[in-house]
file coords15.pdb (PDB, C-alpha atoms, pLDDT in the B column)
ATOM      1  CA  LYS A  64      94.028 124.313 106.462  1.00 66.00           C
ATOM      2  CA  ALA A  65      90.753 123.154 107.974  1.00 79.00           C
ATOM      3  CA  GLY A  66      90.303 119.485 108.802  1.00 92.00           C
ATOM      4  CA  VAL A  67      87.533 117.098 107.912  1.00 96.00           C
ATOM      5  CA  THR A  68      84.189 118.214 109.244  1.00 97.00           C
ATOM      6  CA  GLN A  69      81.122 116.104 109.863  1.00 97.00           C
ATOM      7  CA  THR A  70      77.589 117.155 110.613  1.00 97.00           C
ATOM      8  CA  PRO A  71      75.670 116.610 112.699  1.00 97.00           C
ATOM      9  CA  ARG A  72      77.846 115.413 115.555  1.00 96.00           C
ATOM     10  CA  TYR A  73      75.013 113.633 117.315  1.00 97.00           C
ATOM     11  CA  LEU A  74      71.745 112.171 116.098  1.00 96.00           C
ATOM     12  CA  ILE A  75      68.918 110.305 117.757  1.00 98.00           C
ATOM     13  CA  LYS A  76      66.453 108.480 115.521  1.00 97.00           C
ATOM     14  CA  THR A  77      63.852 105.775 115.916  1.00 97.00           C
ATOM     15  CA  ARG A  78      63.644 102.456 114.122  1.00 97.00           C
ATOM     16  CA  GLY A  79      62.325 102.696 110.603  1.00 97.00           C
ATOM     17  CA  GLN A  80      63.382 106.264 110.038  1.00 98.00           C
ATOM     18  CA  GLN A  81      66.090 107.331 107.637  1.00 97.00           C
ATOM     19  CA  VAL A  82      69.082 109.535 108.258  1.00 98.00           C
ATOM     20  CA  THR A  83      71.572 111.548 106.218  1.00 98.00           C
ATOM     21  CA  LEU A  84      75.066 112.328 107.437  1.00 98.00           C
ATOM     22  CA  SER A  85      77.367 114.875 105.857  1.00 98.00           C
ATOM     23  CA  CYS A  86      81.123 115.051 105.461  1.00 98.00           C
ATOM     24  CA  SER A  87      83.245 117.908 104.146  1.00 97.00           C
ATOM     25  CA  PRO A  88      86.772 116.789 103.289  1.00 96.00           C
ATOM     26  CA  ILE A  89      89.979 118.715 103.632  1.00 94.00           C
ATOM     27  CA  SER A  90      90.264 121.284 100.871  1.00 93.00           C
ATOM     28  CA  GLY A  91      91.731 119.686  97.760  1.00 90.00           C
ATOM     29  CA  HIS A  92      90.967 116.118  98.814  1.00 92.00           C
ATOM     30  CA  ARG A  93      88.896 114.228  96.281  1.00 91.00           C
ATOM     31  CA  SER A  94      88.582 110.907  98.070  1.00 92.00           C
ATOM     32  CA  VAL A  95      86.101 110.443 100.879  1.00 95.00           C
ATOM     33  CA  SER A  96      85.661 107.166 102.739  1.00 95.00           C
ATOM     34  CA  TRP A  97      83.067 106.242 105.331  1.00 97.00           C
ATOM     35  CA  TYR A  98      83.518 103.860 108.258  1.00 97.00           C
ATOM     36  CA  GLN A  99      81.150 102.506 110.878  1.00 98.00           C
ATOM     37  CA  GLN A 100      82.476 101.932 114.386  1.00 97.00           C
ATOM     38  CA  THR A 101      80.617  99.791 116.921  1.00 96.00           C
ATOM     39  CA  PRO A 102      81.820  98.157 120.136  1.00 92.00           C
ATOM     40  CA  GLY A 103      81.080  94.707 118.762  1.00 90.00           C
ATOM     41  CA  GLN A 104      82.325  94.910 115.187  1.00 92.00           C
ATOM     42  CA  GLY A 105      84.963  97.592 115.523  1.00 94.00           C
ATOM     43  CA  LEU A 106      85.753  99.786 112.548  1.00 96.00           C
ATOM     44  CA  GLN A 107      84.260  98.631 109.291  1.00 95.00           C
ATOM     45  CA  PHE A 108      84.599 100.166 105.857  1.00 94.00           C
ATOM     46  CA  LEU A 109      81.352 101.316 104.290  1.00 95.00           C
ATOM     47  CA  PHE A 110      82.307 102.889 100.965  1.00 92.00           C
ATOM     48  CA  GLU A 111      84.668 105.251  99.226  1.00 93.00           C
ATOM     49  CA  TYR A 112      84.006 107.996  96.739  1.00 93.00           C
ATOM     50  CA  PHE A 113      86.510 109.575  94.437  1.00 91.00           C
ATOM     51  CA  SER A 114      85.609 112.415  92.097  1.00 91.00           C
ATOM     52  CA  GLU A 115      81.874 111.750  92.525  1.00 94.00           C
ATOM     53  CA  THR A 116      82.197 108.030  91.732  1.00 92.00           C
ATOM     54  CA  GLN A 117      81.893 105.187  94.187  1.00 91.00           C
ATOM     55  CA  ARG A 118      85.202 103.400  93.899  1.00 88.00           C
ATOM     56  CA  ASN A 119      84.810 100.756  96.565  1.00 87.00           C
ATOM     57  CA  LYS A 120      82.098  99.362  98.807  1.00 89.00           C
ATOM     58  CA  GLY A 121      82.155  97.319 101.987  1.00 90.00           C
ATOM     59  CA  ASN A 122      79.885  94.504 103.008  1.00 91.00           C
ATOM     60  CA  PHE A 123      76.840  96.439 104.121  1.00 95.00           C
ATOM     61  CA  PRO A 124      73.194  96.083 103.080  1.00 96.00           C
ATOM     62  CA  GLY A 125      71.675  98.285 100.432  1.00 95.00           C
ATOM     63  CA  ARG A 126      70.067 100.439 103.133  1.00 97.00           C
ATOM     64  CA  PHE A 127      73.431 102.161 103.347  1.00 97.00           C
ATOM     65  CA  SER A 128      74.125 104.463 100.448  1.00 97.00           C
ATOM     66  CA  GLY A 129      76.209 107.486  99.708  1.00 97.00           C
ATOM     67  CA  ARG A 130      77.112 110.081  97.196  1.00 97.00           C
ATOM     68  CA  GLN A 131      79.700 112.710  96.521  1.00 97.00           C
ATOM     69  CA  PHE A 132      79.182 116.144  95.079  1.00 97.00           C
ATOM     70  CA  SER A 133      81.323 118.091  92.662  1.00 96.00           C
ATOM     71  CA  ASN A 134      82.899 120.021  95.561  1.00 95.00           C
ATOM     72  CA  SER A 135      83.943 116.648  97.080  1.00 95.00           C
ATOM     73  CA  ARG A 136      81.513 116.913  99.972  1.00 97.00           C
ATOM     74  CA  SER A 137      79.910 113.577 100.666  1.00 98.00           C
ATOM     75  CA  GLU A 138      76.721 112.353 102.228  1.00 98.00           C
ATOM     76  CA  MET A 139      75.752 108.942 103.445  1.00 98.00           C
ATOM     77  CA  ASN A 140      72.190 107.823 103.909  1.00 98.00           C
ATOM     78  CA  VAL A 141      70.787 105.005 105.969  1.00 97.00           C
ATOM     79  CA  SER A 142      67.196 104.068 105.289  1.00 95.00           C
ATOM     80  CA  THR A 143      64.866 102.005 107.472  1.00 96.00           C
ATOM     81  CA  LEU A 144      67.048 102.335 110.529  1.00 97.00           C
ATOM     82  CA  GLU A 145      67.605  99.342 112.783  1.00 97.00           C
ATOM     83  CA  LEU A 146      68.806  99.252 116.370  1.00 97.00           C
ATOM     84  CA  GLY A 147      72.085  97.767 115.169  1.00 96.00           C
ATOM     85  CA  ASP A 148      72.813 100.863 113.127  1.00 97.00           C
ATOM     86  CA  SER A 149      73.644 102.725 116.322  1.00 98.00           C
ATOM     87  CA  ALA A 150      77.297 103.572 115.875  1.00 97.00           C
ATOM     88  CA  LEU A 151      79.930 106.208 115.401  1.00 97.00           C
ATOM     89  CA  TYR A 152      80.171 107.035 111.705  1.00 98.00           C
ATOM     90  CA  LEU A 153      83.529 108.364 110.646  1.00 97.00           C
ATOM     91  CA  CYS A 154      84.500 109.854 107.370  1.00 97.00           C
ATOM     92  CA  ALA A 155      88.027 110.267 106.105  1.00 96.00           C
ATOM     93  CA  SER A 156      89.535 112.143 103.214  1.00 94.00           C
ATOM     94  CA  THR A 157      92.777 111.939 101.320  1.00 89.00           C
ATOM     95  CA  SER A 158      94.453 112.903  98.116  1.00 82.00           C
ATOM     96  CA  PRO A 159      97.217 111.452  95.957  1.00 74.00           C
ATOM     97  CA  THR A 160      99.251 114.483  96.980  1.00 76.00           C
ATOM     98  CA  GLU A 161      99.121 113.530 100.639  1.00 74.00           C
ATOM     99  CA  LYS A 162     102.214 111.823 101.980  1.00 71.00           C
ATOM    100  CA  ARG A 163     101.667 108.090 101.666  1.00 77.00           C
ATOM    101  CA  ASP A 164      98.002 108.695 100.815  1.00 79.00           C
ATOM    102  CA  THR A 165      97.287 109.162 104.486  1.00 88.00           C
ATOM    103  CA  GLN A 166      93.625 109.350 105.370  1.00 91.00           C
ATOM    104  CA  TYR A 167      92.540 112.097 107.730  1.00 94.00           C
ATOM    105  CA  PHE A 168      89.422 111.556 109.767  1.00 96.00           C
ATOM    106  CA  GLY A 169      86.649 113.808 110.937  1.00 96.00           C
ATOM    107  CA  PRO A 170      85.250 113.879 114.487  1.00 95.00           C
ATOM    108  CA  GLY A 171      82.458 111.481 113.584  1.00 96.00           C
ATOM    109  CA  THR A 172      78.685 111.469 113.857  1.00 97.00           C
ATOM    110  CA  ARG A 173      77.317 109.471 116.740  1.00 97.00           C
ATOM    111  CA  LEU A 174      74.008 107.922 115.718  1.00 98.00           C
ATOM    112  CA  THR A 175      71.655 106.424 118.281  1.00 98.00           C
ATOM    113  CA  VAL A 176      68.664 104.427 117.071  1.00 97.00           C
ATOM    114  CA  LEU A 177      65.891 103.924 119.612  1.00 96.00           C
TER     115      LEU A 177
ATOM    116  CA  ALA B 179      91.295  88.552 102.953  1.00 57.00           C
ATOM    117  CA  GLN B 180      93.498  90.794 105.001  1.00 60.00           C
ATOM    118  CA  LYS B 181      93.459  90.779 108.745  1.00 90.00           C
ATOM    119  CA  ILE B 182      94.887  92.929 111.499  1.00 96.00           C
ATOM    120  CA  THR B 183      95.389  91.529 115.001  1.00 96.00           C
ATOM    121  CA  GLN B 184      95.951  93.580 118.110  1.00 97.00           C
ATOM    122  CA  THR B 185      96.281  91.155 120.996  1.00 94.00           C
ATOM    123  CA  GLN B 186      96.338  93.670 123.849  1.00 95.00           C
ATOM    124  CA  PRO B 187      92.839  94.929 124.661  1.00 93.00           C
ATOM    125  CA  GLY B 188      94.250  97.198 127.353  1.00 95.00           C
ATOM    126  CA  MET B 189      97.633  98.422 128.511  1.00 95.00           C
ATOM    127  CA  PHE B 190      98.873 100.491 131.422  1.00 97.00           C
ATOM    128  CA  VAL B 191     102.064 102.521 131.411  1.00 97.00           C
ATOM    129  CA  GLN B 192     103.658 104.831 133.910  1.00 97.00           C
ATOM    130  CA  GLU B 193     104.043 108.435 132.839  1.00 97.00           C
ATOM    131  CA  LYS B 194     107.424 109.131 131.164  1.00 97.00           C
ATOM    132  CA  GLU B 195     108.024 105.450 130.428  1.00 97.00           C
ATOM    133  CA  ALA B 196     108.006 103.819 126.994  1.00 98.00           C
ATOM    134  CA  VAL B 197     105.300 101.419 125.856  1.00 98.00           C
ATOM    135  CA  THR B 198     104.943  99.041 122.918  1.00 98.00           C
ATOM    136  CA  LEU B 199     101.584  98.284 121.336  1.00 98.00           C
ATOM    137  CA  ASP B 200     101.492  95.111 119.278  1.00 98.00           C
ATOM    138  CA  CYS B 201     100.101  94.655 115.797  1.00 98.00           C
ATOM    139  CA  THR B 202     100.347  91.682 113.483  1.00 97.00           C
ATOM    140  CA  TYR B 203      98.875  91.495 110.032  1.00 96.00           C
ATOM    141  CA  ASP B 204      98.100  88.952 107.417  1.00 94.00           C
ATOM    142  CA  THR B 205      98.360  89.635 103.722  1.00 89.00           C
ATOM    143  CA  SER B 206      99.380  87.834 100.585  1.00 86.00           C
ATOM    144  CA  ASP B 207     100.379  91.048  98.845  1.00 85.00           C
ATOM    145  CA  GLN B 208     103.957  92.284  98.692  1.00 86.00           C
ATOM    146  CA  SER B 209     102.929  95.916  98.498  1.00 85.00           C
ATOM    147  CA  TYR B 210     100.936  97.383 101.369  1.00 88.00           C
ATOM    148  CA  GLY B 211     100.867 100.245 103.839  1.00 90.00           C
ATOM    149  CA  LEU B 212     100.499 100.130 107.606  1.00 94.00           C
ATOM    150  CA  PHE B 213      99.079 102.950 109.689  1.00 96.00           C
ATOM    151  CA  TRP B 214      98.604 103.695 113.357  1.00 97.00           C
ATOM    152  CA  TYR B 215      95.820 105.953 114.573  1.00 98.00           C
ATOM    153  CA  LYS B 216      94.976 107.306 118.003  1.00 98.00           C
ATOM    154  CA  GLN B 217      91.365 107.740 119.061  1.00 97.00           C
ATOM    155  CA  PRO B 218      90.732 109.797 122.209  1.00 96.00           C
ATOM    156  CA  SER B 219      87.398 109.563 123.969  1.00 92.00           C
ATOM    157  CA  SER B 220      86.141 112.404 121.758  1.00 90.00           C
ATOM    158  CA  GLY B 221      86.038 109.938 118.845  1.00 91.00           C
ATOM    159  CA  GLU B 222      88.237 111.534 116.213  1.00 91.00           C
ATOM    160  CA  MET B 223      90.876 109.278 114.649  1.00 94.00           C
ATOM    161  CA  ILE B 224      94.267 110.964 114.687  1.00 95.00           C
ATOM    162  CA  PHE B 225      96.969 109.760 112.293  1.00 95.00           C
ATOM    163  CA  LEU B 226     100.228 108.934 114.054  1.00 96.00           C
ATOM    164  CA  ILE B 227     102.623 107.081 111.795  1.00 96.00           C
ATOM    165  CA  TYR B 228     102.957 105.172 108.537  1.00 94.00           C
ATOM    166  CA  GLN B 229     105.126 102.280 107.346  1.00 94.00           C
ATOM    167  CA  GLY B 230     105.286 101.082 103.766  1.00 91.00           C
ATOM    168  CA  SER B 231     106.050  97.461 103.011  1.00 90.00           C
ATOM    169  CA  TYR B 232     109.041  98.467 100.914  1.00 90.00           C
ATOM    170  CA  ASP B 233     110.437 100.986 103.366  1.00 90.00           C
ATOM    171  CA  GLU B 234     113.880  99.873 104.436  1.00 87.00           C
ATOM    172  CA  GLN B 235     113.919 101.819 107.670  1.00 93.00           C
ATOM    173  CA  ASN B 236     111.490 101.822 110.552  1.00 95.00           C
ATOM    174  CA  ALA B 237     109.259 104.879 110.566  1.00 95.00           C
ATOM    175  CA  THR B 238     109.575 107.516 113.257  1.00 96.00           C
ATOM    176  CA  GLU B 239     107.415 110.560 114.022  1.00 95.00           C
ATOM    177  CA  GLY B 240     108.443 112.440 117.130  1.00 96.00           C
ATOM    178  CA  ARG B 241     107.782 110.232 120.160  1.00 97.00           C
ATOM    179  CA  TYR B 242     106.267 107.533 117.943  1.00 98.00           C
ATOM    180  CA  SER B 243     108.270 104.860 116.210  1.00 97.00           C
ATOM    181  CA  LEU B 244     107.321 101.700 114.444  1.00 97.00           C
ATOM    182  CA  ASN B 245     109.096  98.405 115.001  1.00 96.00           C
ATOM    183  CA  PHE B 246     108.498  96.832 111.611  1.00 96.00           C
ATOM    184  CA  GLN B 247     109.398  93.154 111.195  1.00 96.00           C
ATOM    185  CA  LYS B 248     108.275  92.201 107.735  1.00 94.00           C
ATOM    186  CA  ALA B 249     109.125  88.508 107.942  1.00 94.00           C
ATOM    187  CA  ARG B 250     107.076  88.193 111.109  1.00 95.00           C
ATOM    188  CA  LYS B 251     104.349  90.428 109.684  1.00 95.00           C
ATOM    189  CA  SER B 252     104.375  92.662 112.715  1.00 97.00           C
ATOM    190  CA  ALA B 253     104.279  96.450 113.015  1.00 97.00           C
ATOM    191  CA  ASN B 254     104.451  97.389 116.671  1.00 98.00           C
ATOM    192  CA  LEU B 255     104.017 100.984 117.770  1.00 98.00           C
ATOM    193  CA  VAL B 256     106.477 102.300 120.328  1.00 98.00           C
ATOM    194  CA  ILE B 257     105.582 105.421 122.282  1.00 98.00           C
ATOM    195  CA  SER B 258     108.492 106.905 124.163  1.00 96.00           C
ATOM    196  CA  ALA B 259     108.206 109.093 127.244  1.00 96.00           C
ATOM    197  CA  SER B 260     104.466 108.529 127.723  1.00 97.00           C
ATOM    198  CA  GLN B 261     102.317 111.503 128.637  1.00 97.00           C
ATOM    199  CA  LEU B 262      98.917 111.657 130.302  1.00 97.00           C
ATOM    200  CA  GLY B 263      97.487 112.878 127.008  1.00 96.00           C
ATOM    201  CA  ASP B 264      98.506 109.607 125.370  1.00 98.00           C
ATOM    202  CA  SER B 265      95.647 107.830 127.143  1.00 98.00           C
ATOM    203  CA  ALA B 266      93.398 106.711 124.287  1.00 98.00           C
ATOM    204  CA  MET B 267      92.514 103.845 121.967  1.00 98.00           C
ATOM    205  CA  TYR B 268      95.176 102.975 119.430  1.00 98.00           C
ATOM    206  CA  PHE B 269      94.361 101.297 116.147  1.00 98.00           C
ATOM    207  CA  CYS B 270      96.611  99.557 113.676  1.00 98.00           C
ATOM    208  CA  ALA B 271      95.363  99.601 110.086  1.00 96.00           C
ATOM    209  CA  MET B 272      96.460  98.313 106.719  1.00 93.00           C
ATOM    210  CA  ARG B 273      95.882  99.492 103.201  1.00 89.00           C
ATOM    211  CA  GLU B 274      96.233  96.755 100.642  1.00 70.00           C
ATOM    212  CA  PRO B 275      97.369  96.803  97.974  1.00 66.00           C
ATOM    213  CA  TYR B 276      99.298 100.005  98.167  1.00 53.00           C
ATOM    214  CA  SER B 277      98.626 101.905  95.016  1.00 49.00           C
ATOM    215  CA  GLY B 278      98.243 105.560  94.262  1.00 48.00           C
ATOM    216  CA  ALA B 279      95.577 104.742  91.706  1.00 53.00           C
ATOM    217  CA  GLY B 280      93.624 102.273  93.767  1.00 67.00           C
ATOM    218  CA  SER B 281      91.189 102.406  96.633  1.00 75.00           C
ATOM    219  CA  TYR B 282      92.228 103.937  99.923  1.00 80.00           C
ATOM    220  CA  GLN B 283      90.260 101.439 101.999  1.00 87.00           C
ATOM    221  CA  LEU B 284      91.750 100.695 105.406  1.00 92.00           C
ATOM    222  CA  THR B 285      91.252  97.526 107.433  1.00 93.00           C
ATOM    223  CA  PHE B 286      91.521  98.117 111.171  1.00 96.00           C
ATOM    224  CA  GLY B 287      92.421  95.984 114.141  1.00 96.00           C
ATOM    225  CA  LYS B 288      90.224  95.906 117.245  1.00 96.00           C
ATOM    226  CA  GLY B 289      92.428  98.422 119.015  1.00 97.00           C
ATOM    227  CA  THR B 290      94.344  98.697 122.281  1.00 97.00           C
ATOM    228  CA  LYS B 291      93.216 100.954 125.095  1.00 97.00           C
ATOM    229  CA  LEU B 292      96.236 102.657 126.598  1.00 98.00           C
ATOM    230  CA  SER B 293      96.037 104.196 130.043  1.00 98.00           C
ATOM    231  CA  VAL B 294      98.892 106.374 131.251  1.00 97.00           C
ATOM    232  CA  ILE B 295      99.288 106.437 135.031  1.00 97.00           C
ATOM    233  CA  PRO B 296     100.678 109.557 136.730  1.00 95.00           C
TER     234      PRO B 296
END

call {"tool": "encode", "arguments": {"input": "coords15.pdb", "output": "structure tokens"}}
result
Amino acid sequence: KAGVTQTPRYLIKTRGQQVTLSCSPISGHRSVSWYQQTPGQGLQFLFEYFSETQRNKGNFPGRFSGRQFSNSRSEMNVSTLELGDSALYLCASTSPTEKRDTQYFGPGTRLTVL
Amino acid sequence: AQKITQTQPGMFVQEKEAVTLDCTYDTSDQSYGLFWYKQPSSGEMIFLIYQGSYDEQNATEGRYSLNFQKARKSANLVISASQLGDSAMYFCAMREPYSGAGSYQLTFGKGTKLSVIP
């Protein structure tokens, strides 16, 4: 079956703008998690959605938000972009039926803030 | 707070040789899961292998095996017969506590960059 897909793959924005990233999980997966990856901070957990409800949230400012739709697709939004938001944003999906609840990642969206 | 430590920023290995990537973790929970992911330059995180804290045997998946030493809180990844395509970043991650009903949040180490030399 198809893997996790993320759109767009690349984005260039300027400071102060907002951006929306999209993630389509593997078919049947109801959990979607988002991670931010930067050279300085590494991989950091942003939030997780399960059946349209945010189940967990990392230590990020309120400018970072997300949602999940009834078809399990998820979006994350970053408002008032800052230079430090430049990163690779990865989403991952899983399901209780997956062996060991393994998370499967998408190819990521590379965001550059100028 | 949980913590994952990967002490080797970079490693080199000759093609066809075995290599061990180190990972130590810190947790106060008895139930947890440990994962290894590979990240090529393209950016996608590829799942390699999993070890549960209650698993009695070390995990193996093809050329990947996990040297799990619970008392030492280490979960080292062993790649046998290295191939050029193994050149990538490798991340150790932990899910804590391990629960089918709980959050799937992973905490990652800083990673090890593996370079396979022909």

call {"tool": "residues_around", "arguments": {"input": "coords15.pdb", "residues": "Phe127 in chain A", "least_positions_apart": "5", "cutoff": "9 Å", "atoms": "all atoms listed in the file", "output": "PyMOL selection string"}}
result
chain A and resi 109+139-142

call {"tool": "residues_around", "arguments": {"input": "coords15.pdb", "residues": "range 124-126 of chain A", "least_positions_apart": "2", "cutoff": "12 Å", "atoms": "all atoms listed in the file", "output": "number ranges by chain"}}
result
A: 79-83, 109-110, 120-122, 128-129, 139-145, 148

call {"tool": "closest_atom_pairs", "arguments": {"input": "coords15.pdb", "of": "chain B", "to": "chain A", "cutoff": "7 Å", "atoms": "all atoms listed in the file", "output": "Markdown table"}}
result
| residue | atom | partner | partner_atom | distance |
| --- | --- | --- | --- | --- |
| B:Gly221 | CA | A:Pro170 | CA | 5.9 |
| B:Glu222 | CA | A:Pro170 | CA | 4.2 |
| B:Met223 | CA | A:Phe168 | CA | 5.6 |
| B:Ile224 | CA | A:Phe168 | CA | 6.9 |
| B:Phe225 | CA | A:Tyr167 | CA | 6.8 |
| B:Gly278 | CA | A:Pro159 | CA | 6.2 |
| B:Ser281 | CA | A:Asn119 | CA | 6.6 |
| B:Gln283 | CA | A:Phe108 | CA | 7.0 |
| B:Phe286 | CA | A:Leu106 | CA | 6.2 |
| B:Lys288 | CA | A:Gly105 | CA | 5.8 |

call {"tool": "atom_distance", "arguments": {"input": "coords15.pdb", "atom1": "CA of Tyr215 in chain B", "atom2": "CA of Cys270 in chain B"}}
result
6.5 Å

call {"tool": "resolve_selection", "arguments": {"input": "coords15.pdb", "expression": "the PyMOL selection byres ((chain B and resi 244-253) around 8)", "output": "short mmCIF file (atom, residue, chain, number, x, y, z; two decimals) with C-alpha atoms, keeping the file's coordinate frame"}}
result
data_model
loop_
_atom_site.label_atom_id
_atom_site.label_comp_id
_atom_site.auth_asym_id
_atom_site.auth_seq_id
_atom_site.Cartn_x
_atom_site.Cartn_y
_atom_site.Cartn_z
CA ASP B 200 101.49 95.11 119.28
CA CYS B 201 100.10 94.66 115.80
CA THR B 202 100.35 91.68 113.48
CA TYR B 203 98.88 91.50 110.03
CA ASP B 204 98.10 88.95 107.42
CA LEU B 212 100.50 100.13 107.61
CA ILE B 227 102.62 107.08 111.80
CA GLN B 229 105.13 102.28 107.35
CA SER B 231 106.05 97.46 103.01
CA ASN B 236 111.49 101.82 110.55
CA ALA B 237 109.26 104.88 110.57
CA THR B 238 109.58 107.52 113.26
CA TYR B 242 106.27 107.53 117.94
CA SER B 243 108.27 104.86 116.21
CA ASN B 254 104.45 97.39 116.67
CA LEU B 255 104.02 100.98 117.77
CA VAL B 256 106.48 102.30 120.33
#

call {"tool": "closest_residue", "arguments": {"input": "coords15.pdb", "among": "B:Gln261, B:Leu292, B:Glu274, B:Ala266", "to": "Thr198 in chain B", "atoms": "only C-alpha atoms"}}
result
B:Leu292

call {"tool": "resolve_selection", "arguments": {"input": "coords15.pdb", "expression": "the PyMOL selection byres ((chain A and resi 132) around 12)", "output": "compact mmCIF listing (two decimals) with C-alpha atoms, in the coordinates of the input"}}
result
# COMPACT_ATOMS: atom_id res chain seq x y z
CA SER A 85 77.37 114.88 105.86
CA CYS A 86 81.12 115.05 105.46
CA SER A 87 83.24 117.91 104.15
CA PRO A 88 86.77 116.79 103.29
CA ARG A 93 88.90 114.23 96.28
CA SER A 94 88.58 110.91 98.07
CA VAL A 95 86.10 110.44 100.88
CA TYR A 112 84.01 108.00 96.74
CA PHE A 113 86.51 109.58 94.44
CA SER A 114 85.61 112.42 92.10
CA GLU A 115 81.87 111.75 92.52
CA THR A 116 82.20 108.03 91.73
CA GLN A 117 81.89 105.19 94.19
CA GLY A 129 76.21 107.49 99.71
CA ARG A 130 77.11 110.08 97.20
CA GLN A 131 79.70 112.71 96.52
CA SER A 133 81.32 118.09 92.66
CA ASN A 134 82.90 120.02 95.56
CA SER A 135 83.94 116.65 97.08
CA ARG A 136 81.51 116.91 99.97
CA SER A 137 79.91 113.58 100.67
CA GLU A 138 76.72 112.35 102.23
CA MET A 139 75.75 108.94 103.44

call {"tool": "residues_near_point", "arguments": {"input": "coords15.pdb", "point": "(96.6, 95.3, 123.4)", "cutoff": "8 Å", "atoms": "only C-alpha atoms", "output": "NGL selection string"}}
result
:B and (184-189 or 199-200 or 289-291)

call {"tool": "axis_aligned_box", "arguments": {"input": "coords15.pdb", "around": "range 143-148 of chain A", "padding_each_side": "4 Å", "output": "AutoDock Vina command-line options"}}
result
--center_x 68.8 --center_y 100.1 --center_z 111.9 --size_x 15.9 --size_y 12.6 --size_z 16.9

call {"tool": "closest_residue", "arguments": {"input": "coords15.pdb", "among": "A:Leu174, A:Leu74, A:Leu146, A:Val67", "to": "Gln99 in chain A", "atoms": "all atoms listed in the file"}}
result
A:Leu174

call {"tool": "atom_distance", "arguments": {"input": "coords15.pdb", "atom1": "CA of Tyr232 in chain B", "atom2": "CA of Gly211 in chain B"}}
result
8.9 Å

call {"tool": "closest_residue", "arguments": {"input": "coords15.pdb", "among": "A:Thr77, A:Glu161, A:Pro71, A:Ser149", "to": "Ile89 in chain A", "atoms": "only C-alpha atoms"}}
result
A:Glu161

call {"tool": "closest_residue", "arguments": {"input": "coords15.pdb", "among": "B:Met267, B:Leu284, B:Val191, B:Leu262", "to": "Phe213 in chain B", "atoms": "all atoms listed in the file"}}
result
B:Leu284

call {"tool": "closest_residue", "arguments": {"input": "coords15.pdb", "among": "B:Lys194, B:Arg273, B:Lys216, B:Arg241", "to": "Ala259 in chain B", "atoms": "all atoms listed in the file"}}
result
B:Lys194

call {"tool": "atom_distance", "arguments": {"input": "coords15.pdb", "atom1": "CA of Gly287 in chain B", "atom2": "CA of Thr175 in chain A"}}
result
23.6 Å

call {"tool": "residues_around", "arguments": {"input": "coords15.pdb", "residues": "Pro296 in chain B", "least_positions_apart": "2", "cutoff": "12 Å", "atoms": "all atoms listed in the file", "output": "list in words"}}
result
Phe190, Val191, Gln192, Glu193, Lys194, Glu195, Ser260, Gln261, Leu262, Gly263, Asp264, Ser265, Ser293 and Val294 of chain B
